[in-house]
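Input: a single structure, listed below in structure tokens.
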Amino acid sequence: MESAENQTPEPELVAGFSSIRERTIAENSLVILLQGLQGQVTTVDLRDESTARGHVVNVDAFMNIRLKKVLHRDRRGRLTQLEDLFVTGRNVRYVHIPDHMDIMETIQGQLAKSHRVRNFAGGRKEYAKKKS
Amino acid sequence: MADEVEQQQTTNTVEEPLDLIRLSLDERIYVKMRNDRELRGRLHAYDQHLNMILGDVEETVTTVEIDEETYEELYKSTKRNIPMLFVRGDGVVLVAPPLRVG
């Protein structure tokens, strides 16, 4: 992951997810792939036909995306530079995936990460089956 | 998809509509989306919300312009190509094998 946050460490950085509910939602959908994009530069196409290109800071289970160092192009093509942008999940139309990314690897990496945390955090055996 | 990798045993029988999409994995498909958009690309992954990962995608946006005087409808389409795209499922209207024109 990229440089450390200056603010109070967010729950995501410590536990991977803010809540068990979020973890379950994310693990059961393709959002988990978007979460593997954290740290990369991508373009997000919004529902209102504008686009935002920047570093992905965080993606949560609801596809809310936080970007930094953003170049925002509105539907007319006007450009705006933004330090920080938060996009609601509902307003996402597309996310461009960087060419070099391996999708399966990223998803499996994300799942492995959250399972490591789960076992470290208390060993409550939520799932009987385990995938290595 | 992540769920299937993790826990379930994937079946080979078609039981529900989403299974039909499973049959199209790694194939080129046609996706009709809201706001007069169409996508043609290779389906790499999908989930129950119809979030999809498409590779080698061509997006077609169709607009209708009405001529002020003649009231003629002028259909214009804009295309663009994107190597790898994540599509949010709530924009998807239908998924089908690629349409054969002519």
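Residue names in the structure tokens use chain letters A, B, ... in the order shown, residue numbers from 1 in each chain, and ligand numbers from 1 in the order shown.
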Hey, what's within 7 Å of segment 79-94 of chain A if we count only C-alpha atoms and toss same-chain stuff fewer than 3 positions away? As a PDB file with C-alpha atoms, in the first residue's frame, please?
ATOM      1  CA  VAL A  44     -13.614   6.281 -12.598  1.00  0.00           C
ATOM      2  CA  ASP A  45     -16.473   7.047 -14.989  1.00  0.00           C
ATOM      3  CA  LEU A  46     -19.355   8.517 -13.072  1.00  0.00           C
ATOM      4  CA  ARG A  47     -23.062   8.183 -13.722  1.00  0.00           C
ATOM      5  CA  PHE A  62     -20.721  -0.256  -1.106  1.00  0.00           C
ATOM      6  CA  MET A  63     -18.329   0.840  -3.863  1.00  0.00           C
ATOM      7  CA  ASN A  64     -17.913   4.288  -2.307  1.00  0.00           C
ATOM      8  CA  ILE A  65     -14.537   5.394  -3.663  1.00  0.00           C
ATOM      9  CA  ARG A  66     -12.124   7.850  -2.170  1.00  0.00           C
ATOM     10  CA  LEU A  67      -9.583   9.285  -4.604  1.00  0.00           C
ATOM     11  CA  LYS A  68      -6.700  11.694  -4.147  1.00  0.00           C
ATOM     12  CA  LYS A  69      -4.780  13.935  -6.537  1.00  0.00           C
ATOM     13  CA  VAL A  70      -7.651  13.864  -8.954  1.00  0.00           C
ATOM     14  CA  LEU A  71      -8.171  15.293 -12.384  1.00  0.00           C
ATOM     15  CA  HIS A  72     -11.917  15.654 -12.797  1.00  0.00           C
ATOM     16  CA  ARG A  73     -13.368  16.141 -16.250  1.00  0.00           C
ATOM     17  CA  ASP A  74     -17.026  17.120 -16.290  1.00  0.00           C
TER      18      ASP A  74
ATOM     19  CA  LEU B  85     -13.260  -2.299 -17.494  1.00  0.00           C
ATOM     20  CA  PHE B  86     -15.160  -2.843 -14.265  1.00  0.00           C
ATOM     21  CA  VAL B  87     -18.872  -2.244 -14.845  1.00  0.00           C
ATOM     22  CA  ARG B  88     -21.239  -1.507 -11.974  1.00  0.00           C
ATOM     23  CA  GLY B  91     -26.352   0.059 -15.090  1.00  0.00           C
TER      24      GLY B  91
END
Inset, instruction - Name the residues in contact with Glu22 of chain A at a cut-off of 9 Å, using only C-alpha atoms, excluding same-chain residues fewer than 5 positions from it; report them as a list of chain:residue names. - result: A:Phe17, A:Glu27, A:Asp60, A:Ala61, A:Phe62
Next, dump the selected residues to file, keeping only C-alpha atoms, as a CSV table (one decimal), in the first residue's frame.
chain,number,residue,atom,x,y,z
A,17,PHE,CA,-12.8,-3.7,7.0
A,27,GLU,CA,-16.2,-10.8,-0.1
A,60,ASP,CA,-15.6,0.2,0.7
A,61,ALA,CA,-18.1,-2.6,0.3
A,62,PHE,CA,-20.7,-0.3,-1.1
Inset, instruction - Please provide as a ChimeraX atom specification all residues within 6 Å of Gln38 of chain A, with the sequence filter that same-chain residues fewer than 5 positions apart are discarded (counting only C-alpha atoms). - result: /A:56-58
File dump, residues just selected, N, CA and C atoms, as an mmCIF file, in the first residue's frame:
data_model
loop_
_atom_site.group_PDB
_atom_site.id
_atom_site.type_symbol
_atom_site.label_atom_id
_atom_site.label_comp_id
_atom_site.auth_asym_id
_atom_site.auth_seq_id
_atom_site.Cartn_x
_atom_site.Cartn_y
_atom_site.Cartn_z
ATOM 1 N N VAL A 56 -6.375 5.749 -6.070
ATOM 2 C CA VAL A 56 -7.451 5.172 -5.260
ATOM 3 C C VAL A 56 -6.969 5.070 -3.816
ATOM 4 N N VAL A 57 -7.614 5.797 -2.930
ATOM 5 C CA VAL A 57 -7.252 5.735 -1.523
ATOM 6 C C VAL A 57 -7.957 4.562 -0.859
ATOM 7 N N ASN A 58 -9.263 4.483 -1.102
ATOM 8 C CA ASN A 58 -10.039 3.446 -0.440
ATOM 9 C C ASN A 58 -11.320 3.155 -1.207
#
Inset, instruction - Give the residues of chain A that lie within 9 Å of chain B; count only C-alpha atoms, and format the answer as a VMD selection string. - result: chain A and resid 27 to 34 47 63 89 to 90 92 to 99 103 to 104 107 to 108 111 129 to 131
File dump, residues just selected, C-alpha atoms, as a PDB file, in the first residue's frame:
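As a result, again_26.pdb now contains:
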ATOM      1  CA  GLU A  27     -16.163 -10.849  -0.147  1.00  0.00           C
ATOM      2  CA  ASN A  28     -19.359 -11.938  -1.859  1.00  0.00           C
ATOM      3  CA  SER A  29     -19.109  -9.544  -4.787  1.00  0.00           C
ATOM      4  CA  LEU A  30     -16.660  -8.095  -7.268  1.00  0.00           C
ATOM      5  CA  VAL A  31     -16.109  -5.029  -5.092  1.00  0.00           C
ATOM      6  CA  ILE A  32     -13.264  -7.007  -3.571  1.00  0.00           C
ATOM      7  CA  LEU A  33     -11.367  -6.489  -6.819  1.00  0.00           C
ATOM      8  CA  LEU A  34     -11.840  -2.727  -6.618  1.00  0.00           C
ATOM      9  CA  ARG A  47     -23.062   8.183 -13.722  1.00  0.00           C
ATOM     10  CA  MET A  63     -18.329   0.840  -3.863  1.00  0.00           C
ATOM     11  CA  GLY A  89     -21.016   3.913  -4.949  1.00  0.00           C
ATOM     12  CA  ARG A  90     -24.313   4.604  -6.691  1.00  0.00           C
ATOM     13  CA  VAL A  92     -20.037   4.902 -10.272  1.00  0.00           C
ATOM     14  CA  ARG A  93     -20.623   3.699 -13.815  1.00  0.00           C
ATOM     15  CA  TYR A  94     -17.239   2.230 -14.728  1.00  0.00           C
ATOM     16  CA  VAL A  95     -13.839   1.783 -13.161  1.00  0.00           C
ATOM     17  CA  HIS A  96     -10.971   1.427 -15.585  1.00  0.00           C
ATOM     18  CA  ILE A  97      -8.676  -1.356 -14.483  1.00  0.00           C
ATOM     19  CA  PRO A  98      -4.960  -0.742 -15.091  1.00  0.00           C
ATOM     20  CA  ASP A  99      -3.587  -2.964 -17.856  1.00  0.00           C
ATOM     21  CA  ILE A 103      -7.533  -9.980 -11.693  1.00  0.00           C
ATOM     22  CA  MET A 104      -7.505 -13.415 -10.103  1.00  0.00           C
ATOM     23  CA  ILE A 107      -8.952 -10.999  -5.722  1.00  0.00           C
ATOM     24  CA  GLN A 108      -7.194 -13.932  -4.081  1.00  0.00           C
ATOM     25  CA  LEU A 111      -9.344 -12.588   0.347  1.00  0.00           C
ATOM     26  CA  LYS A 129     -13.883 -24.277   5.422  1.00  0.00           C
ATOM     27  CA  LYS A 130     -10.599 -22.513   4.865  1.00  0.00           C
ATOM     28  CA  LYS A 131      -8.865 -21.829   1.582  1.00  0.00           C
TER      29      LYS A 131
END
Legend entry - Who sits within 10 Å of Leu94 of chain B, only C-alpha atoms, same chain under 6 positions skipped, as a list in words: Tyr30, Val31, Lys32, Met33, Arg34, Glu38 and Leu50 of chain B
Please dump the current selection as a PDB file, in the first residue's frame; keep N, CA, C and O atoms.
ATOM      1  N   TYR B  30     -22.352  -9.270 -25.421  1.00  0.00           N
ATOM      2  CA  TYR B  30     -22.948  -7.969 -25.695  1.00  0.00           C
ATOM      3  C   TYR B  30     -23.719  -7.562 -24.451  1.00  0.00           C
ATOM      4  O   TYR B  30     -24.481  -8.357 -23.905  1.00  0.00           O
ATOM      5  N   VAL B  31     -23.489  -6.362 -23.972  1.00  0.00           N
ATOM      6  CA  VAL B  31     -24.195  -5.878 -22.791  1.00  0.00           C
ATOM      7  C   VAL B  31     -24.927  -4.606 -23.153  1.00  0.00           C
ATOM      8  O   VAL B  31     -24.335  -3.647 -23.640  1.00  0.00           O
ATOM      9  N   LYS B  32     -26.244  -4.612 -22.920  1.00  0.00           N
ATOM     10  CA  LYS B  32     -26.989  -3.380 -23.145  1.00  0.00           C
ATOM     11  C   LYS B  32     -27.111  -2.689 -21.801  1.00  0.00           C
ATOM     12  O   LYS B  32     -27.458  -3.305 -20.792  1.00  0.00           O
ATOM     13  N   MET B  33     -26.779  -1.389 -21.766  1.00  0.00           N
ATOM     14  CA  MET B  33     -26.795  -0.659 -20.510  1.00  0.00           C
ATOM     15  C   MET B  33     -27.787   0.482 -20.563  1.00  0.00           C
ATOM     16  O   MET B  33     -28.304   0.823 -21.632  1.00  0.00           O
ATOM     17  N   ARG B  34     -28.023   1.071 -19.405  1.00  0.00           N
ATOM     18  CA  ARG B  34     -28.920   2.225 -19.339  1.00  0.00           C
ATOM     19  C   ARG B  34     -28.273   3.417 -20.023  1.00  0.00           C
ATOM     20  O   ARG B  34     -27.061   3.424 -20.240  1.00  0.00           O
ATOM     21  N   GLU B  38     -24.006   0.590 -25.065  1.00  0.00           N
ATOM     22  CA  GLU B  38     -23.810  -0.831 -25.310  1.00  0.00           C
ATOM     23  C   GLU B  38     -22.341  -1.147 -25.140  1.00  0.00           C
ATOM     24  O   GLU B  38     -21.479  -0.335 -25.466  1.00  0.00           O
ATOM     25  N   LEU B  50     -24.515  -8.289 -11.032  1.00  0.00           N
ATOM     26  CA  LEU B  50     -24.164  -8.062 -12.423  1.00  0.00           C
ATOM     27  C   LEU B  50     -23.056  -7.025 -12.561  1.00  0.00           C
ATOM     28  O   LEU B  50     -22.848  -6.469 -13.637  1.00  0.00           O
TER      29      LEU B  50
END
Inset, instruction - Can you work out the spacing between atom CA of Leu25 of chain B and atom CA of Val41 of chain A in Å, to one decimal? - result: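 Those two atoms sit 27.1 Å apart.
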Legend entry - helix (DSSP H, G or I) per DSSP on the backbone: members of chain B, as a ChimeraX atom specification: /B:2-6,17-22,89-91
Those same residues, written as a CSV table (one decimal), in the first residue's frame with all heavy atoms?
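Writing done, so here's again16.csv:
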chain,number,residue,atom,x,y,z
B,2,ALA,N,-15.9,-14.2,-6.4
B,2,ALA,CA,-15.0,-14.3,-5.3
B,2,ALA,C,-15.5,-15.4,-4.3
B,2,ALA,O,-14.8,-16.2,-3.8
B,2,ALA,CB,-14.8,-13.0,-4.6
B,3,ASP,N,-16.8,-15.4,-4.2
B,3,ASP,CA,-17.5,-16.3,-3.3
B,3,ASP,C,-17.2,-17.7,-3.8
B,3,ASP,O,-17.0,-18.7,-3.1
B,3,ASP,CB,-19.0,-16.0,-3.2
B,3,ASP,CG,-19.7,-16.9,-2.2
B,3,ASP,OD1,-19.1,-17.2,-1.2
B,3,ASP,OD2,-20.8,-17.3,-2.5
B,4,GLU,N,-17.4,-17.9,-5.1
B,4,GLU,CA,-17.2,-19.3,-5.7
B,4,GLU,C,-15.8,-19.8,-5.5
B,4,GLU,O,-15.6,-20.9,-5.2
B,4,GLU,CB,-17.6,-19.3,-7.2
B,4,GLU,CG,-19.1,-19.1,-7.4
B,4,GLU,CD,-19.4,-19.2,-8.8
B,4,GLU,OE1,-18.6,-19.0,-9.7
B,4,GLU,OE2,-20.6,-19.5,-9.1
B,5,VAL,N,-14.8,-18.9,-5.7
B,5,VAL,CA,-13.4,-19.3,-5.5
B,5,VAL,C,-13.3,-19.7,-4.0
B,5,VAL,O,-12.5,-20.7,-3.8
B,5,VAL,CB,-12.5,-18.1,-5.8
B,5,VAL,CG1,-11.1,-18.3,-5.2
B,5,VAL,CG2,-12.4,-17.8,-7.2
B,6,GLU,N,-14.0,-19.1,-3.1
B,6,GLU,CA,-13.7,-19.3,-1.7
B,6,GLU,C,-14.4,-20.5,-1.2
B,6,GLU,O,-13.8,-21.3,-0.5
B,6,GLU,CB,-14.1,-18.0,-1.0
B,6,GLU,CG,-13.9,-18.0,0.5
B,6,GLU,CD,-12.5,-18.3,0.9
B,6,GLU,OE1,-11.6,-18.1,0.1
B,6,GLU,OE2,-12.3,-18.8,2.0
B,17,PRO,N,-31.1,-18.0,-13.8
B,17,PRO,CA,-30.7,-17.1,-14.9
B,17,PRO,C,-29.2,-16.7,-14.8
B,17,PRO,O,-28.5,-16.7,-15.8
B,17,PRO,CB,-31.5,-15.9,-14.7
B,17,PRO,CG,-32.8,-16.4,-14.1
B,17,PRO,CD,-32.4,-17.5,-13.2
B,18,LEU,N,-28.6,-16.5,-13.6
B,18,LEU,CA,-27.2,-16.1,-13.5
B,18,LEU,C,-26.3,-17.2,-14.0
B,18,LEU,O,-25.2,-17.0,-14.5
B,18,LEU,CB,-26.9,-15.8,-12.1
B,18,LEU,CG,-27.2,-14.4,-11.6
B,18,LEU,CD1,-26.7,-14.2,-10.2
B,18,LEU,CD2,-26.6,-13.4,-12.6
B,19,ASP,N,-26.8,-18.4,-14.0
B,19,ASP,CA,-26.0,-19.5,-14.5
B,19,ASP,C,-25.8,-19.4,-16.0
B,19,ASP,O,-24.8,-19.9,-16.5
B,19,ASP,CB,-26.6,-20.9,-14.2
B,19,ASP,CG,-26.6,-21.2,-12.7
B,19,ASP,OD1,-25.8,-20.7,-12.0
B,19,ASP,OD2,-27.5,-22.0,-12.2
B,20,LEU,N,-26.7,-18.8,-16.7
B,20,LEU,CA,-26.6,-18.6,-18.1
B,20,LEU,C,-25.4,-17.7,-18.4
B,20,LEU,O,-24.7,-17.8,-19.4
B,20,LEU,CB,-27.9,-18.1,-18.7
B,20,LEU,CG,-29.0,-19.1,-18.8
B,20,LEU,CD1,-30.3,-18.4,-19.3
B,20,LEU,CD2,-28.7,-20.2,-19.8
B,21,ILE,N,-25.3,-16.7,-17.5
B,21,ILE,CA,-24.2,-15.8,-17.7
B,21,ILE,C,-22.8,-16.5,-17.4
B,21,ILE,O,-21.8,-16.3,-18.1
B,21,ILE,CB,-24.3,-14.5,-16.8
B,21,ILE,CG1,-25.6,-13.8,-17.0
B,21,ILE,CG2,-23.1,-13.6,-16.9
B,21,ILE,CD1,-25.8,-12.5,-16.3
B,22,ARG,N,-22.9,-17.4,-16.5
B,22,ARG,CA,-21.7,-18.2,-16.2
B,22,ARG,C,-21.2,-18.9,-17.4
B,22,ARG,O,-20.0,-19.1,-17.6
B,22,ARG,CB,-22.0,-19.2,-15.0
B,22,ARG,CG,-20.8,-20.1,-14.7
B,22,ARG,CD,-20.9,-20.7,-13.4
B,22,ARG,NE,-22.2,-21.3,-13.1
B,22,ARG,CZ,-22.5,-22.6,-13.5
B,22,ARG,NH1,-21.7,-23.3,-14.2
B,22,ARG,NH2,-23.8,-23.0,-13.3
B,89,GLY,N,-23.0,-3.1,-11.7
B,89,GLY,CA,-24.2,-3.9,-12.1
B,89,GLY,C,-25.5,-3.1,-12.3
B,89,GLY,O,-26.3,-3.5,-13.1
B,90,ASP,N,-25.7,-2.0,-11.6
B,90,ASP,CA,-27.0,-1.4,-11.6
B,90,ASP,C,-27.2,-0.7,-13.0
B,90,ASP,O,-28.3,-0.2,-13.3
B,90,ASP,CB,-27.2,-0.5,-10.4
B,90,ASP,CG,-26.3,0.7,-10.4
B,90,ASP,OD1,-25.5,0.9,-11.3
B,90,ASP,OD2,-26.3,1.4,-9.4
B,91,GLY,N,-26.2,-0.6,-13.8
B,91,GLY,CA,-26.4,0.1,-15.1
B,91,GLY,C,-26.7,-0.9,-16.2
B,91,GLY,O,-27.1,-0.6,-17.3
Legend entry - atom CA of Asp48 of chain A to atom CA of Tyr75 of chain B, distance in Å rounded to a single decimal: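 So the two atoms, atom CA of Asp48 of chain A and atom CA of Tyr75 of chain B, lie 21.1 Å apart.
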Inset, instruction - Based on DSSP run over this structure's backbone, return all residues of segment 16-127 of chain A in strand (DSSP E), as an NGL selection string. - result: :A and (41-46 or 51-59 or 65-73 or 79-87 or 92-96)
